[in-house]
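K.L.:
I have a structure here, written as structure tokens, and I will follow up with some questions on it.
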Number of protein chains: 2
Amino acid sequence: MAKDQQQDFNIFENMDEIAVQLEEALESKHYNEARHILAESNEADAAHAIEELPKELAAVAFRMLPKSMGADVFSYLESDTQEALMEGLTEREVTETVNELFLDDAVDFLEEMPANVVKRVLRYSSPDRRLQINKLLNYPEDSAGSLMTVEMIQLRRSWTVGESLKHIRETGHNKETIYTCYVTNQTAVLEGVVSVHELLCSSDDVRIEDLMDPDVISIETTDDQEYASRLFHHYDFIALPVVDKENRLVGIITIDDALDVITEEATEDMQRMAAMTPNEHPYLRTSVLRLANRRIVWLLVLMISGMLNGAILGQFEDAFVALPLLVTFIPVLTDTGGNAGAQTSTLVIRALTLGEIKPSDALRVLWKEFRVSIICGLILALVTAARVYFMMSPDPLTTLTVSLALFCTVVLAKFVGSLLPILAQILKVDPAIMAAPLITTIVDAVSLIIYFEMAKVLLKI
Amino acid sequence: MAKDQQQDFNIFENMDEIAVQLEEALESKHYNEARHILAESNEADAAHAIEELPKELAAVAFRMLPKSMGADVFSYLESDTQEALMEGLTEREVTETVNELFLDDAVDFLEEMPANVVKRVLRYSSPDRRLQINKLLNYPEDSAGSLMTVEMIQLRRSWTVGESLKHIRETGHNKETIYTCYVTNQTAVLEGVVSVHELLCSSDDVRIEDLMDPDVISIETTDDQEYASRLFHHYDFIALPVVDKENRLVGIITIDDALDVITEEATEDMQRMAAMTPNEHPYLRTSVLRLANRRIVWLLVLMISGMLNGAILGQFEDAFVALPLLVTFIPVLTDTGGNAGAQTSTLVIRALTLGEIKPSDALRVLWKEFRVSIICGLILALVTAARVYFMMSPDPLTTLTVSLALFCTVVLAKFVGSLLPILAQILKVDPAIMAAPLITTIVDAVSLIIYFEMAKVLLKI
């Protein structure tokens with residue numbers, strides 16, 4: 001997070017200000033003022049302002065948008081607002097807006113709508129566009145195909161720079177991006193890539209085949225969208241071509257969509273790591289029931305596995321009745337184990353996600369974490385020993401039991417914390433599930449056994 | 001993470017393959033082959049391959065790069081590899097490379113170098129460039145100023161599209177991006193923005209002042225880089241202008257840098273949320289001592305606060321000696337409290353980071369979480385009650401004590417989990433610190449008190 005929060009909210013506060021003004025204008029029926037506010041706003045800000053309005057006013061405001069802004073603003077809206085607009089606007093109004101959208105935004109919208117809405121919207125689309133939309137809707141969610149748009153610039157290798165620029169100027173108007181141009185042959189096979197930057201900085205008579213880079217990095221329609229976003233990150237692309245199995249160009253993904261994916265995936269990973277089923281809707285727009293629903297399953301699973309730890313403790317009833325002091329170290333032991341495991345699993349999960357480590361690095365990771373755990377475990381054990389010996393029980397054996405158990409817990413936690421995410425990756429399960437909550441539960445069980453078994457041996461209880 | 005991991009590693013595996021081939025070629029002294037491998041690789045992949053080489057070979061490989069690739073590859077290297085190259089290459093070779101870098105990449109490199117290296121590099125730079133670098137180096141790390149480049153296209157409002165395109169074609173060659181052009185007056189004050197897309201799709205005789213958007217969204221040099229990345233995300237920019245206090249254009253930030261910031265900040269937040277001091281180096285390249293150092297402080301702080309919980313438990317020694325069964329529920333109680341709190345704090349922290357909620361939304365968040373906690377708490381308490389009553393102790397009062405304590409713990413955990421991150425934001429502390437580990441420790445203390453006090457009253461121990 002930013003250190004300097006004060007300053008940071010300037011533009012976002014201004015955005016909220018616009019929302020408030022718009023609502024006031026609409027409620028006092030100053031429609032000209034409302035129209036002015038909307039027309040003067042950036043599309044993203046106008047969308048934000050419309051989001052904040054009560055449902056019945058949202059449609060009124062949306063209708064006031066200048067024609068040139070409608071589709072753009074619509075594409076920035078959350079899907080529940082888009083759905084609400086379906087009720088407030090006439091079918092024809094919505095369809096006209098959707099037909100103005102870039103194809104990938106139209107598909108994003110339709111993906112979230114119920115089937116009857118999709119049908120009605122498609123009925124009003126041109127046959128060509130209907131075909132394209134239907135095709136895109138058939139790609140699995142989260143696939144590169146569902147993220148791409150099919151509006152892109154295609155050049156031929158035999159063209160000159162001058163011809164290409166002329167082609168771009170004639171056909172670029174309704175394309176989402178024109179900056180990365182793909183060179184294809186007659187059967188649409190991808191042969192090269194050239195940027196508008198390179199075109200503009202070359203003479204008009206240079207041939208495309210002499211300028212283009214023939215080693216195009218592309219992905220297939222069925223590849224995962226997260227793979228696409230990793231390619232953007234690795235190669236600093238602003239667009240990425242999507243091809244079919246025969247290497248024919250079928251679409252492109254633009255960086256704004258990749259950026260959304262990166263932010264979304266980080267949010268989802270964080271949610272999974274905190275024992276929740278991911279939810280892509282903004283927090284305040286998610287209902288209480290939905291929020292509870294996303295959490296209760298993992299809470300139950302973890303609680304029921306956690307009851308095992310209670311059963312383990314039950315086995316040592318004699319020990320802690322004989323020496324109640326032992327009980328007072330349980331929270332320190334389990335919390336420290338949980339924290340040490342959370343640190344390791346978080347680092348390993350994130351490194352796996354970013355591709356910094358691969359399952360084949362397992363031994364390197366385990367060896368690294370083993371050494372880290374020895375250092376951390378020793379320091380924590382020494383501090384605990386000092387505290388137990390000097391402040392609680394000057395009995396060397398009790399001191400030894402507690403600090404040794406703590407040391408073992410830290411080493412164990414870091415071992416489990418590095419092993420489980422990598423195992424998950426190998427088994428093609430999302431490593432983010434192997435995070436703090438699950439690891440805490442597992443480490444708790446083993447560390448309680450170690451602790452009390454040690455106590456039984458060392459303290460002869 | 002991707003569901004389809006297998007397929008996803010294609011290109012990244014190919015990248016590893018290149019690294020292996022390069023090392024083999026160098027070690028068997030097949031220099032021509034090594035040169036060929038490097039020349040045929042994408043710059044990002046060549047950098048990755050060089051990263052993987054032993055230090056002494058890295059300099060050899062770097063020297064083999066075609067001249068046109070050197071600076072680009074250098075900008076993709078990790079800073080420790082860049083530093084190692086300073087030893088393997090002659091000073092002049094490094095300086096030549098640095099002089100070829102885009103200004104923002106040069107500054108990124110120099111920011112990580114010791115002062116003497118910076119001095120030596122600057123000595124070989126042209127006076128102009130030295131001045132620019134020095135200026136950029138003076139911006140605080142993590143500020144917009146340190147992220148920007150000063151190589152951008154500036155147009156005048158009186159120019160026509162034709163004149164502007166001619167200007168871009170003449171001067172665009174050494175600019176990192178040319179796609180967003182800024183319109184400034186003689187004193188460099190920012191007056192408007194126009195994209196190359198718009199220029200190319202307009203007739204040559206249209207005036208810039210008729211085409212440009214005069215409402216430019218910009219940030220100041222001292223603004224936080226995370227604020228910049230949020231603007232990219234919100235407005236789908238590919239470049240963002242940076243101005244000084246007098247609204248004079250001083251530089252631009254490009255989307256590839258914003259994307260790095262977004263990924264980095266998500267990683268840092270995850271690390272903070274798992275009780276670590278953030279570390280921006282890739283996991284496998286971070287030394288064991290450094291890793292331990294980033295973790296031990298929080299482990300110690302949390303352990304020492306966790307000892308308080310031990311002291312609290314000590315107060316209830318009589319209670320659990322009288323009814324040892326009570327001890328066996330401690331792990332379930334503390335773990336469930338920790339998990340419930342982690343869920344809430346993770347959602348709230350992430351929503352604050354993404355700007356979905358603001359401190360002024362505190363009451364809405366608390367009310368929402370309160371209702372969620374009632375639902376989750378009730379379900380968990382009922383399941384626990386059933387288990388205690390039917391499987392462990394058919395005593396209604398014990399059952400009531402345990403399940404009521406669990407219910408209170410869940411409600412409390414969700415309250416603390418939503419309150420603390422928002423408080424932190426208000427106090428201008430990073431909310432990510434108020435995550436699972438700290439909240440678990442706090443909730444543990446209170447829930448243990450509730451549990452045993454309830455036991456004392458209800459069970460009359």
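Chain labels run A, B, ... following the order of the structure tokens; each chain numbers its residues from 1, and ligands are numbered from 1 in the order shown.
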At a cut-off of 6 Å, list the chain B residues touching chain A, using only C-alpha atoms, as a PyMOL selection string.
P.N.:
chain B and resi 1+8+44+169+173+200-201+227+235-236+256+274+288+292+296+306-307+310+313-314+321+328-329+332+342-343+372+376+430
K.L.:
Hey, can you spit out that residue selection with C-alpha atoms as a compact mmCIF listing (two decimals), in the first residue's frame?
P.N.:
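Saved result, selection12.txt, follows:
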```
# COMPACT_ATOMS: atom_id res chain seq x y z
CA MET B 1 -3.54 -20.51 -10.69
CA ASP B 8 0.88 -23.72 -19.50
CA ALA B 44 13.56 -11.52 -22.27
CA ARG B 169 8.25 9.53 -37.74
CA HIS B 173 12.94 6.15 -33.05
CA LEU B 200 -3.80 7.66 -37.89
CA CYS B 201 -7.59 7.53 -38.14
CA TYR B 227 -1.40 5.27 -7.11
CA TYR B 235 -8.70 4.00 -16.88
CA ASP B 236 -7.15 1.28 -19.09
CA ASP B 256 4.81 -2.35 -18.67
CA ALA B 274 1.90 -13.60 6.17
CA VAL B 288 19.02 -18.00 3.59
CA ALA B 292 15.45 -15.61 7.90
CA ILE B 296 12.32 -13.56 12.46
CA GLY B 306 1.30 -14.95 22.07
CA MET B 307 2.90 -15.61 25.44
CA GLY B 310 -0.25 -18.48 27.89
CA LEU B 313 -4.52 -19.67 30.29
CA GLY B 314 -2.46 -19.85 33.48
CA VAL B 321 -7.56 -29.25 36.11
CA THR B 328 -9.15 -30.36 24.24
CA PHE B 329 -11.29 -27.62 22.68
CA VAL B 332 -10.48 -25.80 17.65
CA ALA B 342 -8.13 -14.27 8.30
CA GLN B 343 -11.04 -14.46 5.86
CA VAL B 372 -21.84 -12.91 7.98
CA CYS B 376 -21.04 -18.68 10.03
CA ASP B 430 -0.22 -0.32 5.81
```
K.L.:
Give me, as a PyMOL selection string, all polymer residues having an atom no more than 9 Å from Thr95 of chain A, counting only C-alpha atoms and skipping those fewer than 4 positions away in the same chain.
P.N.:
chain A and resi 90-91+99-100+120-125
K.L.:
Leaving out Ala385 of chain A and any residue of its chain fewer than 5 positions from it, which residues lie within 9 Å of it when counting only C-alpha atoms, given as a list of chain:residue names?
P.N.:
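So, after excluding close chain neighbours, the residues are A:Leu380, A:Phe390, A:Pro396, A:Thr399, A:Leu400, A:Val402, A:Ser403, A:Leu404.
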K.L.:
At what distance in Å, to one decimal, does atom CA of Gly162 of chain A lie from atom CA of Val242 of chain A?
P.N.:
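So the answer is 26.3 Å.
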K.L.:
Extract the full set of alpha helix (DSSP H) residues from segment 197-236 of chain A according to DSSP on the backbone, and format it as a PyMOL selection string.
P.N.:
chain A and resi 197-200+208-211+225-235
K.L.:
Output N, CA, C and O atoms for every residue in that selection, as a PDB file, in the first residue's frame.
P.N.:
```
ATOM      1  N   HIS A 197       4.981   1.399 -34.128  1.00  0.00           N
ATOM      2  CA  HIS A 197       6.200   2.138 -33.815  1.00  0.00           C
ATOM      3  C   HIS A 197       7.266   1.876 -34.895  1.00  0.00           C
ATOM      4  O   HIS A 197       7.850   2.809 -35.455  1.00  0.00           O
ATOM      5  N   GLU A 198       7.468   0.591 -35.218  1.00  0.00           N
ATOM      6  CA  GLU A 198       8.458   0.259 -36.252  1.00  0.00           C
ATOM      7  C   GLU A 198       8.015   0.769 -37.619  1.00  0.00           C
ATOM      8  O   GLU A 198       8.837   1.255 -38.399  1.00  0.00           O
ATOM      9  N   LEU A 199       6.717   0.636 -37.913  1.00  0.00           N
ATOM     10  CA  LEU A 199       6.218   1.113 -39.210  1.00  0.00           C
ATOM     11  C   LEU A 199       6.481   2.605 -39.358  1.00  0.00           C
ATOM     12  O   LEU A 199       6.990   3.074 -40.377  1.00  0.00           O
ATOM     13  N   LEU A 200       6.127   3.363 -38.301  1.00  0.00           N
ATOM     14  CA  LEU A 200       6.255   4.815 -38.385  1.00  0.00           C
ATOM     15  C   LEU A 200       7.718   5.239 -38.479  1.00  0.00           C
ATOM     16  O   LEU A 200       8.030   6.276 -39.058  1.00  0.00           O
ATOM     17  N   ILE A 208       7.310  -5.170 -45.579  1.00  0.00           N
ATOM     18  CA  ILE A 208       6.939  -5.738 -44.277  1.00  0.00           C
ATOM     19  C   ILE A 208       7.792  -6.962 -43.961  1.00  0.00           C
ATOM     20  O   ILE A 208       8.253  -7.143 -42.842  1.00  0.00           O
ATOM     21  N   GLU A 209       8.044  -7.814 -44.968  1.00  0.00           N
ATOM     22  CA  GLU A 209       8.790  -9.049 -44.667  1.00  0.00           C
ATOM     23  C   GLU A 209      10.216  -8.750 -44.218  1.00  0.00           C
ATOM     24  O   GLU A 209      10.827  -9.572 -43.539  1.00  0.00           O
ATOM     25  N   ASP A 210      10.726  -7.572 -44.561  1.00  0.00           N
ATOM     26  CA  ASP A 210      12.068  -7.219 -44.103  1.00  0.00           C
ATOM     27  C   ASP A 210      12.046  -6.577 -42.720  1.00  0.00           C
ATOM     28  O   ASP A 210      13.069  -6.455 -42.055  1.00  0.00           O
ATOM     29  N   LEU A 211      10.889  -6.140 -42.324  1.00  0.00           N
ATOM     30  CA  LEU A 211      10.773  -5.399 -41.054  1.00  0.00           C
ATOM     31  C   LEU A 211      10.227  -6.281 -39.939  1.00  0.00           C
ATOM     32  O   LEU A 211      10.586  -6.135 -38.775  1.00  0.00           O
ATOM     33  N   GLN A 225      -6.080 -18.124 -19.254  1.00  0.00           N
ATOM     34  CA  GLN A 225      -5.863 -16.676 -19.302  1.00  0.00           C
ATOM     35  C   GLN A 225      -4.703 -16.252 -18.399  1.00  0.00           C
ATOM     36  O   GLN A 225      -4.044 -15.256 -18.647  1.00  0.00           O
ATOM     37  N   GLU A 226      -4.435 -17.039 -17.350  1.00  0.00           N
ATOM     38  CA  GLU A 226      -3.341 -16.660 -16.480  1.00  0.00           C
ATOM     39  C   GLU A 226      -2.003 -16.866 -17.174  1.00  0.00           C
ATOM     40  O   GLU A 226      -1.050 -16.118 -16.943  1.00  0.00           O
ATOM     41  N   TYR A 227      -1.935 -17.873 -18.008  1.00  0.00           N
ATOM     42  CA  TYR A 227      -0.730 -18.093 -18.816  1.00  0.00           C
ATOM     43  C   TYR A 227      -0.519 -16.882 -19.723  1.00  0.00           C
ATOM     44  O   TYR A 227       0.595 -16.359 -19.845  1.00  0.00           O
ATOM     45  N   ALA A 228      -1.600 -16.401 -20.311  1.00  0.00           N
ATOM     46  CA  ALA A 228      -1.517 -15.210 -21.154  1.00  0.00           C
ATOM     47  C   ALA A 228      -0.963 -14.029 -20.358  1.00  0.00           C
ATOM     48  O   ALA A 228      -0.066 -13.315 -20.813  1.00  0.00           O
ATOM     49  N   SER A 229      -1.466 -13.843 -19.140  1.00  0.00           N
ATOM     50  CA  SER A 229      -1.034 -12.678 -18.374  1.00  0.00           C
ATOM     51  C   SER A 229       0.437 -12.813 -17.960  1.00  0.00           C
ATOM     52  O   SER A 229       1.156 -11.831 -17.871  1.00  0.00           O
ATOM     53  N   ARG A 230       0.885 -14.066 -17.751  1.00  0.00           N
ATOM     54  CA  ARG A 230       2.300 -14.250 -17.429  1.00  0.00           C
ATOM     55  C   ARG A 230       3.181 -13.897 -18.621  1.00  0.00           C
ATOM     56  O   ARG A 230       4.285 -13.372 -18.462  1.00  0.00           O
ATOM     57  N   LEU A 231       2.709 -14.177 -19.824  1.00  0.00           N
ATOM     58  CA  LEU A 231       3.475 -13.815 -21.022  1.00  0.00           C
ATOM     59  C   LEU A 231       3.578 -12.296 -21.153  1.00  0.00           C
ATOM     60  O   LEU A 231       4.641 -11.762 -21.477  1.00  0.00           O
ATOM     61  N   PHE A 232       2.484 -11.589 -20.899  1.00  0.00           N
ATOM     62  CA  PHE A 232       2.525 -10.124 -20.930  1.00  0.00           C
ATOM     63  C   PHE A 232       3.573  -9.616 -19.949  1.00  0.00           C
ATOM     64  O   PHE A 232       4.352  -8.729 -20.257  1.00  0.00           O
ATOM     65  N   HIS A 233       3.564 -10.192 -18.766  1.00  0.00           N
ATOM     66  CA  HIS A 233       4.478  -9.753 -17.723  1.00  0.00           C
ATOM     67  C   HIS A 233       5.929 -10.037 -18.117  1.00  0.00           C
ATOM     68  O   HIS A 233       6.812  -9.199 -17.966  1.00  0.00           O
ATOM     69  N   HIS A 234       6.162 -11.224 -18.666  1.00  0.00           N
ATOM     70  CA  HIS A 234       7.524 -11.633 -18.989  1.00  0.00           C
ATOM     71  C   HIS A 234       8.089 -10.850 -20.169  1.00  0.00           C
ATOM     72  O   HIS A 234       9.245 -10.441 -20.158  1.00  0.00           O
ATOM     73  N   TYR A 235       7.278 -10.657 -21.202  1.00  0.00           N
ATOM     74  CA  TYR A 235       7.788 -10.067 -22.436  1.00  0.00           C
ATOM     75  C   TYR A 235       7.458  -8.583 -22.613  1.00  0.00           C
ATOM     76  O   TYR A 235       7.790  -7.999 -23.632  1.00  0.00           O
TER      77      TYR A 235
END
```
K.L.:
Report, in Å to a single decimal, how far apart atom CA of Ala19 of chain B and atom CA of Leu190 of chain A are.
P.N.:
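A separation of 26.2 Å between them.
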K.L.:
Name all residues at most 8 Å from Ile252 of chain A (count only C-alpha atoms; drop same-chain ones fewer than 4 positions away) and give them as a compact mmCIF listing (two decimals) with N, CA and C atoms, in the first residue's frame.
P.N.:
```txt
# COMPACT_ATOMS: atom_id res chain seq x y z
N MET A 148 -10.06 -12.77 -25.73
CA MET A 148 -9.54 -12.07 -26.91
C MET A 148 -10.62 -11.28 -27.65
N THR A 149 -10.15 -10.39 -28.52
CA THR A 149 -11.05 -9.73 -29.45
C THR A 149 -10.60 -10.13 -30.84
N VAL A 150 -11.52 -10.08 -31.81
CA VAL A 150 -11.12 -10.50 -33.15
C VAL A 150 -10.91 -9.29 -34.06
N GLU A 151 -10.99 -8.09 -33.46
CA GLU A 151 -10.78 -6.88 -34.26
C GLU A 151 -9.32 -6.47 -34.17
N MET A 152 -8.56 -6.79 -35.23
CA MET A 152 -7.13 -6.47 -35.19
C MET A 152 -6.65 -6.15 -36.59
N ALA A 239 0.12 -6.39 -26.72
CA ALA A 239 -0.91 -7.26 -27.30
C ALA A 239 -0.28 -8.62 -27.56
N LEU A 240 -1.11 -9.64 -27.57
CA LEU A 240 -0.62 -11.01 -27.72
C LEU A 240 -1.55 -11.73 -28.70
N PRO A 241 -1.00 -12.33 -29.76
CA PRO A 241 -1.87 -12.99 -30.73
C PRO A 241 -2.35 -14.36 -30.23
N VAL A 242 -3.59 -14.68 -30.58
CA VAL A 242 -4.17 -15.97 -30.21
C VAL A 242 -4.37 -16.76 -31.49
```
K.L.:
DSSP says strand (DSSP E) for which residues of segment 231-300 of chain A? Put them as a ChimeraX atom specification?
P.N.:
/A:239-243,249-254
K.L.:
Okay, now the selection with N, CA and C atoms, as an mmCIF file, in the first residue's frame?
P.N.:
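Saved result, selection_28.cif, follows:
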```cif
data_model
loop_
_atom_site.group_PDB
_atom_site.id
_atom_site.type_symbol
_atom_site.label_atom_id
_atom_site.label_comp_id
_atom_site.auth_asym_id
_atom_site.auth_seq_id
_atom_site.Cartn_x
_atom_site.Cartn_y
_atom_site.Cartn_z
ATOM 1 N N ALA A 239 0.124 -6.395 -26.720
ATOM 2 C CA ALA A 239 -0.910 -7.263 -27.301
ATOM 3 C C ALA A 239 -0.282 -8.621 -27.559
ATOM 4 N N LEU A 240 -1.109 -9.637 -27.566
ATOM 5 C CA LEU A 240 -0.621 -11.011 -27.723
ATOM 6 C C LEU A 240 -1.550 -11.727 -28.702
ATOM 7 N N PRO A 241 -1.001 -12.327 -29.755
ATOM 8 C CA PRO A 241 -1.873 -12.990 -30.735
ATOM 9 C C PRO A 241 -2.352 -14.356 -30.235
ATOM 10 N N VAL A 242 -3.592 -14.681 -30.579
ATOM 11 C CA VAL A 242 -4.172 -15.967 -30.211
ATOM 12 C C VAL A 242 -4.371 -16.762 -31.494
ATOM 13 N N VAL A 243 -3.876 -17.986 -31.519
ATOM 14 C CA VAL A 243 -3.951 -18.796 -32.733
ATOM 15 C C VAL A 243 -4.689 -20.096 -32.457
ATOM 16 N N LEU A 249 -4.191 -17.155 -37.138
ATOM 17 C CA LEU A 249 -4.529 -16.057 -36.235
ATOM 18 C C LEU A 249 -6.051 -15.955 -36.076
ATOM 19 N N VAL A 250 -6.543 -16.065 -34.834
ATOM 20 C CA VAL A 250 -7.989 -15.921 -34.641
ATOM 21 C C VAL A 250 -8.354 -14.716 -33.782
ATOM 22 N N GLY A 251 -7.379 -14.126 -33.098
ATOM 23 C CA GLY A 251 -7.715 -12.967 -32.275
ATOM 24 C C GLY A 251 -6.505 -12.405 -31.565
ATOM 25 N N ILE A 252 -6.720 -11.345 -30.795
ATOM 26 C CA ILE A 252 -5.627 -10.817 -29.977
ATOM 27 C C ILE A 252 -6.157 -10.509 -28.575
ATOM 28 N N ILE A 253 -5.238 -10.571 -27.627
ATOM 29 C CA ILE A 253 -5.539 -10.140 -26.266
ATOM 30 C C ILE A 253 -4.783 -8.836 -26.043
ATOM 31 N N THR A 254 -5.468 -7.841 -25.467
ATOM 32 C CA THR A 254 -4.803 -6.565 -25.240
ATOM 33 C C THR A 254 -4.397 -6.442 -23.773
#
```
K.L.:
Looking at only C-alpha atoms, which of B:Leu131, B:Ala84, B:Val183, B:Asn32 is the one that sits closest to Ile50 of chain B?
P.N.:
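Closest to Ile50 of chain B of all the choices is B:Ala84.
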K.L.:
Any idea what's packed within 9 Å of Val117 of chain B, counting only C-alpha atoms, ignoring anything in its chain fewer than 5 positions away? Could you give it as a PyMOL selection string?
P.N.:
chain B and resi 83+86+110+122
K.L.:
Suppose we keep C-alpha atoms; can you now write the selection as an mmCIF file, in the first residue's frame?
P.N.:
```cif
data_model
loop_
_atom_site.group_PDB
_atom_site.id
_atom_site.type_symbol
_atom_site.label_atom_id
_atom_site.label_comp_id
_atom_site.auth_asym_id
_atom_site.auth_seq_id
_atom_site.Cartn_x
_atom_site.Cartn_y
_atom_site.Cartn_z
ATOM 1 C CA GLU B 83 25.972 -5.969 -10.634
ATOM 2 C CA MET B 86 30.018 -4.915 -13.690
ATOM 3 C CA LEU B 110 21.557 2.609 -11.137
ATOM 4 C CA LEU B 122 27.711 8.709 -15.025
#
```
K.L.:
Contacts of Arg157 of chain A at 10 Å or less, counting only C-alpha atoms, minus same-chain residues fewer than 2 places along, as an MDAnalysis selection string?
P.N.:
chainID A and resid 154:155 159:160 164 182:185 191:193 207:212
K.L.:
With N, CA, C and O atoms retained, could you export that selection as a CSV table (one decimal), in the first residue's frame?
P.N.:
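Saved as part_34.csv:
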```csv
chain,number,residue,atom,x,y,z
A,154,GLN,N,-4.4,-6.8,-39.7
A,154,GLN,CA,-3.6,-7.9,-40.3
A,154,GLN,C,-2.9,-7.3,-41.6
A,154,GLN,O,-3.6,-6.7,-42.4
A,155,LEU,N,-1.6,-7.6,-41.7
A,155,LEU,CA,-0.9,-7.1,-42.9
A,155,LEU,C,-0.4,-8.3,-43.7
A,155,LEU,O,-0.4,-9.5,-43.2
A,159,TRP,N,3.5,-6.4,-48.6
A,159,TRP,CA,3.2,-5.0,-48.6
A,159,TRP,C,4.4,-4.2,-48.2
A,159,TRP,O,5.3,-4.7,-47.5
A,160,THR,N,4.4,-2.9,-48.5
A,160,THR,CA,5.4,-2.0,-48.1
A,160,THR,C,4.8,-1.3,-46.8
A,160,THR,O,3.6,-1.4,-46.5
A,164,SER,N,1.0,-0.4,-45.8
A,164,SER,CA,0.5,-0.9,-44.5
A,164,SER,C,-0.1,0.3,-43.7
A,164,SER,O,-1.2,0.1,-43.1
A,182,TYR,N,-0.3,-7.9,-37.1
A,182,TYR,CA,0.2,-9.2,-37.4
A,182,TYR,C,0.2,-9.5,-38.8
A,182,TYR,O,-0.7,-9.1,-39.6
A,183,VAL,N,1.2,-10.2,-39.3
A,183,VAL,CA,1.4,-10.5,-40.7
A,183,VAL,C,0.9,-11.9,-40.9
A,183,VAL,O,1.4,-12.9,-40.2
A,184,THR,N,-0.1,-12.1,-41.8
A,184,THR,CA,-0.6,-13.4,-42.0
A,184,THR,C,-0.6,-13.7,-43.5
A,184,THR,O,-0.5,-12.8,-44.3
A,185,ASN,N,-0.7,-15.0,-43.9
A,185,ASN,CA,-0.8,-15.3,-45.3
A,185,ASN,C,-2.3,-15.5,-45.7
A,185,ASN,O,-3.2,-15.2,-44.9
A,191,GLU,N,2.5,-15.2,-39.6
A,191,GLU,CA,3.9,-15.3,-40.2
A,191,GLU,C,4.8,-14.3,-39.5
A,191,GLU,O,6.0,-14.5,-39.6
A,192,GLY,N,4.3,-13.3,-38.9
A,192,GLY,CA,5.2,-12.3,-38.3
A,192,GLY,C,4.4,-11.3,-37.5
A,192,GLY,O,3.2,-11.2,-37.5
A,193,VAL,N,5.2,-10.4,-36.8
A,193,VAL,CA,4.6,-9.3,-36.1
A,193,VAL,C,5.4,-8.1,-36.3
A,193,VAL,O,6.6,-8.1,-36.5
A,207,ARG,N,9.8,-3.2,-47.2
A,207,ARG,CA,8.8,-4.2,-47.2
A,207,ARG,C,8.6,-4.8,-45.8
A,207,ARG,O,9.4,-4.9,-45.0
A,208,ILE,N,7.3,-5.2,-45.6
A,208,ILE,CA,6.9,-5.7,-44.3
A,208,ILE,C,7.8,-7.0,-44.0
A,208,ILE,O,8.3,-7.1,-42.8
A,209,GLU,N,8.0,-7.8,-45.0
A,209,GLU,CA,8.8,-9.0,-44.7
A,209,GLU,C,10.2,-8.8,-44.2
A,209,GLU,O,10.8,-9.6,-43.5
A,210,ASP,N,10.7,-7.6,-44.6
A,210,ASP,CA,12.1,-7.2,-44.1
A,210,ASP,C,12.0,-6.6,-42.7
A,210,ASP,O,13.1,-6.5,-42.1
A,211,LEU,N,10.9,-6.1,-42.3
A,211,LEU,CA,10.8,-5.4,-41.1
A,211,LEU,C,10.2,-6.3,-39.9
A,211,LEU,O,10.6,-6.1,-38.8
A,212,MET,N,9.4,-7.2,-40.3
A,212,MET,CA,8.6,-8.0,-39.3
A,212,MET,C,9.6,-8.9,-38.5
A,212,MET,O,10.6,-9.3,-39.0
```
